[in-house]
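Data block below; observations after.
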Amino acid sequence: MVRQETVESDMSVDGEDLKDELERDKGDKANASFSIDWTQNASSNNHLFMMNTGGEEACYLGNDCQNSKGAKMRCSVCKICAHDGCHSRVQSQTPCRTTFISDVRNYRENGNVAHHWITTKKVKGKCRHCSKSFKSAGLMCSWCKICYHNSEVCKEALEKDDNCGLGIHSSLIVPPNWLVKLPKNGAVESSLNLDKEKKADNSEYKTKFVVKPIPVSNCQPLIVFLNPKSGGNQGVKLMQRFQALLNPRQVFDLTQGGPGPAIEMFKNVPGVRFLACGGDGTAGWVLSVLDKIKIEPTPPVGVLPLGTGNDLSRSLGWGGGYMDESISDWLVGIQSSEMIVMDRWRLSTTPNKSIAPTEPGHTVDLPPLDVVNNYFSMGVDALIALQFHE
């Protein structure tokens with residue numbers, strides 16, 4: 001992870017160019033399917049079904065399925081598979097895991113996170129109750145991945161297991177009881193201690209949702225920014241993997257408004273960290289927005305390289321490109337990563353009016369960037385970066 005020195009600056013040209021490109025992609029249907037609903041009508045446990053290209057898994061309804069020839073869809077969060085015509089029945093019988101709290105008045109009472117049990121045929125490991133392996137289908141929590149046999153004795157133990165630890169990435173996950181959806185009439189704003197600045201903010205996230213962290217000693221939530229079209233469409237798979245391993249409401253599609261609203265939403269969360277999935281332009285965009293918002297202390301930012309050059313990622317030790325490694329391993333690496341400080345310099349330029357323009361009537365152009373990341377490479381890395389920019 002890297003923590004940058006805070007400077008006053010505008011968004012760099014790299015960030016603006018990337019922002020313009022993403023705006024052009026907003027109407028793309030492939031990106032629209034990844035959108036998380038942040039409106040007043042948002043449901044806390046709706047599945048996020050995507051087209052299932054594998055085609056091997058059976059419909060979750062089993063023998064009750066009445067659409068055996070339909071296209072199969074898969075929830076990117078809990079991995080339940082269902083035919084296109086079975087969505088509503090699966091949603092009513094087995095909702096997805098809860099991602100936020102809807103009951104504002106009792107949000108303080110939701111101290112524990114409940115398991116989200118799904119039936120799965122492919123069960124790895126052993127039963128938490130009897131410690132025996134699985135020869136048939138079992139029940140697995142989509143949050144923490146612990147499993148129980150579907151037998152009467154083991155299910156009785158499961159019913160008593162009412163507190164989920166969120167698994168090996170618990171220190172990075174935004175617990176669902178931290179996110180509270182506000183009511184339409186705003187009648188309970190006073191109980192949530194919303195200040196005037198927050199009430200005046202018109203961003204979609206913050207007018208409908210508020211983050212109320214419950215003190216947890218080891219929790220340093222990771223907010224992920226990703227463009228589904230990054231890295232030759234590697235972003236499509238990465239979006240689904242992050243949504244499955246974390247709370248999907250901490251994984252943000254950059255084509256839906258950029259990083260600003262999400263950073264504003266989570267800026268007061270103690271220990272918050274950010275991950276920019278993309279090239280140097282994506283990382284620069286996130287850093288520039290952090291410059292504007294001025295969080296103290298400035299949160300650390302990690303990079304998952306999906307761009308072309310990825311010089312910043314190389315210099316920080318994250319590698320020159322993503323090679324389809326395990327995202328779970330990446331998250332483990334983030335938890336143990338060293339935090340370093342990187343200088344970000346602000347350039348102030350003044351045109352020399354004593355020198356006439358080279359072309360009549362042509363004004364002097366100012367440099368395209370006013371913020372510089374002060375790091376350097378030596379040897380082959382420096383040569384590659386020089387040749388790339390030339």
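Residues are named by chain letter and number: chains run A, B, ... in the order of the structure tokens, numbers start at 1 in each chain, and ligands are numbered from 1 in the order shown.
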I'd like to know which residues of range 214-315 of chain A are helix (DSSP H, G or I) (by DSSP, run on the backbone); could you write them as a ChimeraX atom specification?
/A:230-245,248-250,260-266,280-293,311-315
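Using only C-alpha atoms, the residues found no farther than 7 Å from range 235-252 of chain A, other than those of its own chain fewer than 4 positions away, are A:Ser76, A:Val77, A:Cys78, A:Thr99, A:Ile173, A:Val174, A:Ile223, A:Val224, A:Phe225, A:Leu226, A:Asn227, A:Pro228, A:Lys229, A:Ser230, A:Gly231, A:Ile327.
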Could the residues in this selection be written to a file with N, CA, C and O atoms, as a short mmCIF file (atom, residue, chain, number, x, y, z; two decimals), in the first residue's frame?
data_model
loop_
_atom_site.label_atom_id
_atom_site.label_comp_id
_atom_site.auth_asym_id
_atom_site.auth_seq_id
_atom_site.Cartn_x
_atom_site.Cartn_y
_atom_site.Cartn_z
N SER A 76 -23.10 -13.32 -8.95
CA SER A 76 -21.67 -13.06 -8.77
C SER A 76 -21.30 -12.93 -7.29
O SER A 76 -20.12 -12.97 -6.95
N VAL A 77 -22.28 -12.81 -6.42
CA VAL A 77 -22.01 -12.63 -4.99
C VAL A 77 -21.97 -13.97 -4.25
O VAL A 77 -20.98 -14.32 -3.62
N CYS A 78 -23.06 -14.74 -4.33
CA CYS A 78 -23.13 -16.01 -3.57
C CYS A 78 -22.96 -17.24 -4.44
O CYS A 78 -22.97 -18.36 -3.93
N THR A 99 -26.45 -7.07 2.45
CA THR A 99 -25.31 -6.16 2.24
C THR A 99 -25.44 -4.85 3.01
O THR A 99 -24.48 -4.09 3.09
N ILE A 173 -13.39 -6.48 4.87
CA ILE A 173 -14.80 -6.44 4.46
C ILE A 173 -15.56 -5.36 5.22
O ILE A 173 -15.38 -5.19 6.44
N VAL A 174 -16.40 -4.62 4.50
CA VAL A 174 -17.32 -3.69 5.14
C VAL A 174 -18.52 -4.51 5.63
O VAL A 174 -19.31 -5.01 4.82
N ILE A 223 -11.85 -0.39 -0.01
CA ILE A 223 -12.80 0.07 -1.03
C ILE A 223 -12.14 -0.10 -2.39
O ILE A 223 -11.05 0.42 -2.63
N VAL A 224 -12.81 -0.85 -3.27
CA VAL A 224 -12.22 -1.24 -4.55
C VAL A 224 -12.84 -0.42 -5.68
O VAL A 224 -14.06 -0.31 -5.77
N PHE A 225 -11.98 0.13 -6.54
CA PHE A 225 -12.42 0.86 -7.74
C PHE A 225 -11.94 0.11 -8.97
O PHE A 225 -10.75 -0.23 -9.08
N LEU A 226 -12.88 -0.13 -9.91
CA LEU A 226 -12.54 -0.96 -11.05
C LEU A 226 -13.40 -0.59 -12.25
O LEU A 226 -14.59 -0.31 -12.11
N ASN A 227 -12.80 -0.59 -13.42
CA ASN A 227 -13.54 -0.43 -14.67
C ASN A 227 -13.70 -1.81 -15.30
O ASN A 227 -12.70 -2.47 -15.62
N PRO A 228 -14.93 -2.30 -15.50
CA PRO A 228 -15.12 -3.65 -16.06
C PRO A 228 -14.46 -3.86 -17.41
O PRO A 228 -14.21 -4.99 -17.80
N LYS A 229 -14.14 -2.78 -18.14
CA LYS A 229 -13.51 -2.93 -19.44
C LYS A 229 -11.99 -2.87 -19.38
O LYS A 229 -11.32 -2.93 -20.41
N SER A 230 -11.43 -2.73 -18.20
CA SER A 230 -9.98 -2.61 -18.07
C SER A 230 -9.28 -3.92 -18.42
O SER A 230 -9.83 -5.00 -18.25
N GLY A 231 -8.02 -3.79 -18.86
CA GLY A 231 -7.18 -4.96 -19.07
C GLY A 231 -7.72 -5.95 -20.07
O GLY A 231 -7.69 -7.15 -19.82
N ILE A 327 -7.47 -13.72 -6.65
CA ILE A 327 -7.81 -12.47 -5.98
C ILE A 327 -7.80 -12.65 -4.47
O ILE A 327 -7.46 -11.72 -3.73
#
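We find CA of Asn67 in chain A and CA of Asn41 in chain A to be spaced 28.6 Å apart.
A straight line drawn from CA of Asn63 in chain A to CA of Gly125 in chain A is 26.7 Å long.
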Spatial neighbours of Lys181 in chain A, 8 Å, only C-alpha atoms, chain gap at least 6 places, as a ChimeraX atom specification
/A:40,100-104,208-210
Point out the residue among A:Cys144, A:Cys59, A:Leu254, A:Ala276 with the least atom-to-atom distance to Ser35 in chain A, counting only C-alpha atoms.
A:Leu254
List the spatial neighbours of Pro299 in chain A as a PyMOL selection string - criterion: any atom at most 8 Å away, only C-alpha atoms, same-chain residues fewer than 6 positions off excluded.
chain A and resi 3+271-274
Keeping only N, CA, C and O atoms, take the residues you just selected and write them out as a compact mmCIF listing (two decimals), in the first residue's frame.
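Ended up saving to out.txt:
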# COMPACT_ATOMS: atom_id res chain seq x y z
N ARG A 3 0.81 5.49 0.86
CA ARG A 3 0.11 6.67 1.36
C ARG A 3 0.80 7.89 0.75
O ARG A 3 2.00 8.07 0.89
N GLY A 271 -9.36 3.66 9.49
CA GLY A 271 -8.55 2.62 8.86
C GLY A 271 -8.91 2.27 7.43
O GLY A 271 -8.42 1.27 6.90
N VAL A 272 -9.75 3.07 6.78
CA VAL A 272 -10.18 2.74 5.42
C VAL A 272 -9.01 2.75 4.46
O VAL A 272 -8.07 3.54 4.60
N ARG A 273 -9.03 1.84 3.49
CA ARG A 273 -8.00 1.75 2.46
C ARG A 273 -8.67 1.67 1.09
O ARG A 273 -9.84 1.25 0.99
N PHE A 274 -7.94 2.02 0.05
CA PHE A 274 -8.49 2.02 -1.29
C PHE A 274 -7.61 1.18 -2.22
O PHE A 274 -6.39 1.15 -2.06
Please compute the CA of Ile293 in chain A-CA of Val211 in chain A distance, one decimal, in Å.
17.0 Å
I need the strand (DSSP E or B) residues of range 34-254 of chain A per DSSP on the backbone, written as a ChimeraX atom specification.
/A:49-51,72-75,81-83,101,117-120,126,133,138-141,147-149,179-181,209-211,222-226,251-253
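Between Asp280 in chain A and the residues A:Ala356, A:Ser151, A:Gly307, A:Cys81, the shortest atom-to-atom distance, using only C-alpha atoms, involves A:Gly307.
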Just the residues within 12 Å of range 166-168 of chain A, please, counting only C-alpha atoms, with nothing from its chain fewer than 4 positions along; format it as JSON, numbers by chain.
{"A": [97, 112, 113, 114, 115, 116, 140, 141, 142, 143, 144, 145, 146, 147, 172, 173, 174, 175, 176, 218, 219, 244, 245, 246, 247, 328, 329, 331, 332, 333, 335]}
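Excluding Cys127 in chain A itself and same-chain residues fewer than 4 positions from it, the residues having an atom within 9 Å of it are Ser131, Lys132, Ser133, Phe134, Gly138, Ile146, Cys147, Tyr148, His149 and Cys154 of chain A, counting only C-alpha atoms.
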Keeping only all heavy atoms, write the selected residues to a file as a short mmCIF file (atom, residue, chain, number, x, y, z; two decimals), in the first residue's frame.
data_model
loop_
_atom_site.label_atom_id
_atom_site.label_comp_id
_atom_site.auth_asym_id
_atom_site.auth_seq_id
_atom_site.Cartn_x
_atom_site.Cartn_y
_atom_site.Cartn_z
N SER A 131 -16.68 -32.73 11.86
CA SER A 131 -15.31 -32.79 11.35
C SER A 131 -15.10 -33.90 10.32
O SER A 131 -13.97 -34.35 10.12
CB SER A 131 -14.31 -32.96 12.50
OG SER A 131 -14.40 -31.90 13.41
N LYS A 132 -16.17 -34.33 9.66
CA LYS A 132 -16.05 -35.35 8.62
C LYS A 132 -16.15 -34.71 7.24
O LYS A 132 -16.72 -33.63 7.08
CB LYS A 132 -17.17 -36.40 8.78
CG LYS A 132 -17.06 -37.21 10.06
CD LYS A 132 -18.18 -38.24 10.14
CE LYS A 132 -18.07 -39.06 11.44
NZ LYS A 132 -19.17 -40.06 11.55
N SER A 133 -15.58 -35.40 6.25
CA SER A 133 -15.60 -34.89 4.88
C SER A 133 -17.00 -35.01 4.28
O SER A 133 -17.89 -35.68 4.84
CB SER A 133 -14.60 -35.66 4.02
OG SER A 133 -13.30 -35.53 4.53
N PHE A 134 -17.19 -34.39 3.12
CA PHE A 134 -18.49 -34.39 2.46
C PHE A 134 -18.49 -35.37 1.30
O PHE A 134 -17.62 -35.33 0.43
CB PHE A 134 -18.82 -32.98 1.95
CG PHE A 134 -19.14 -32.00 3.03
CD1 PHE A 134 -18.12 -31.35 3.71
CD2 PHE A 134 -20.45 -31.73 3.38
CE1 PHE A 134 -18.41 -30.43 4.72
CE2 PHE A 134 -20.75 -30.83 4.38
CZ PHE A 134 -19.73 -30.18 5.06
N GLY A 138 -23.79 -30.17 0.81
CA GLY A 138 -23.78 -29.65 2.17
C GLY A 138 -24.25 -28.21 2.19
O GLY A 138 -24.60 -27.64 1.16
N ILE A 146 -17.63 -21.57 5.94
CA ILE A 146 -17.70 -22.76 6.79
C ILE A 146 -18.88 -23.62 6.32
O ILE A 146 -19.84 -23.10 5.74
CB ILE A 146 -17.84 -22.41 8.28
CG1 ILE A 146 -19.18 -21.71 8.55
CG2 ILE A 146 -16.68 -21.56 8.76
CD1 ILE A 146 -19.47 -21.57 10.02
N CYS A 147 -18.81 -24.93 6.59
CA CYS A 147 -19.80 -25.86 6.03
C CYS A 147 -20.35 -26.79 7.10
O CYS A 147 -19.68 -27.10 8.10
CB CYS A 147 -19.17 -26.70 4.92
SG CYS A 147 -18.43 -25.73 3.59
N TYR A 148 -21.57 -27.27 6.86
CA TYR A 148 -22.21 -28.28 7.70
C TYR A 148 -22.84 -29.33 6.80
O TYR A 148 -23.27 -29.03 5.67
CB TYR A 148 -23.32 -27.65 8.55
CG TYR A 148 -22.85 -26.85 9.74
CD1 TYR A 148 -22.58 -25.49 9.62
CD2 TYR A 148 -22.67 -27.46 10.99
CE1 TYR A 148 -22.16 -24.75 10.71
CE2 TYR A 148 -22.25 -26.71 12.08
CZ TYR A 148 -21.99 -25.36 11.94
OH TYR A 148 -21.58 -24.63 13.02
N HIS A 149 -22.90 -30.56 7.31
CA HIS A 149 -23.65 -31.60 6.61
C HIS A 149 -25.15 -31.29 6.65
O HIS A 149 -25.61 -30.58 7.54
CB HIS A 149 -23.41 -32.97 7.25
CG HIS A 149 -22.08 -33.56 6.91
ND1 HIS A 149 -21.08 -33.72 7.85
CD2 HIS A 149 -21.57 -34.02 5.74
CE1 HIS A 149 -20.02 -34.26 7.28
NE2 HIS A 149 -20.29 -34.44 5.99
N CYS A 154 -26.19 -32.35 12.32
CA CYS A 154 -25.34 -31.22 11.94
C CYS A 154 -26.16 -29.95 11.70
O CYS A 154 -25.70 -28.84 12.01
CB CYS A 154 -24.53 -31.57 10.70
SG CYS A 154 -23.31 -32.89 10.96
#
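Among the candidate residues A:Ala157, A:Trp117, A:Asp365, A:Glu56, the one lying nearest to Leu139 in chain A is A:Trp117, with distances computed using only C-alpha atoms.
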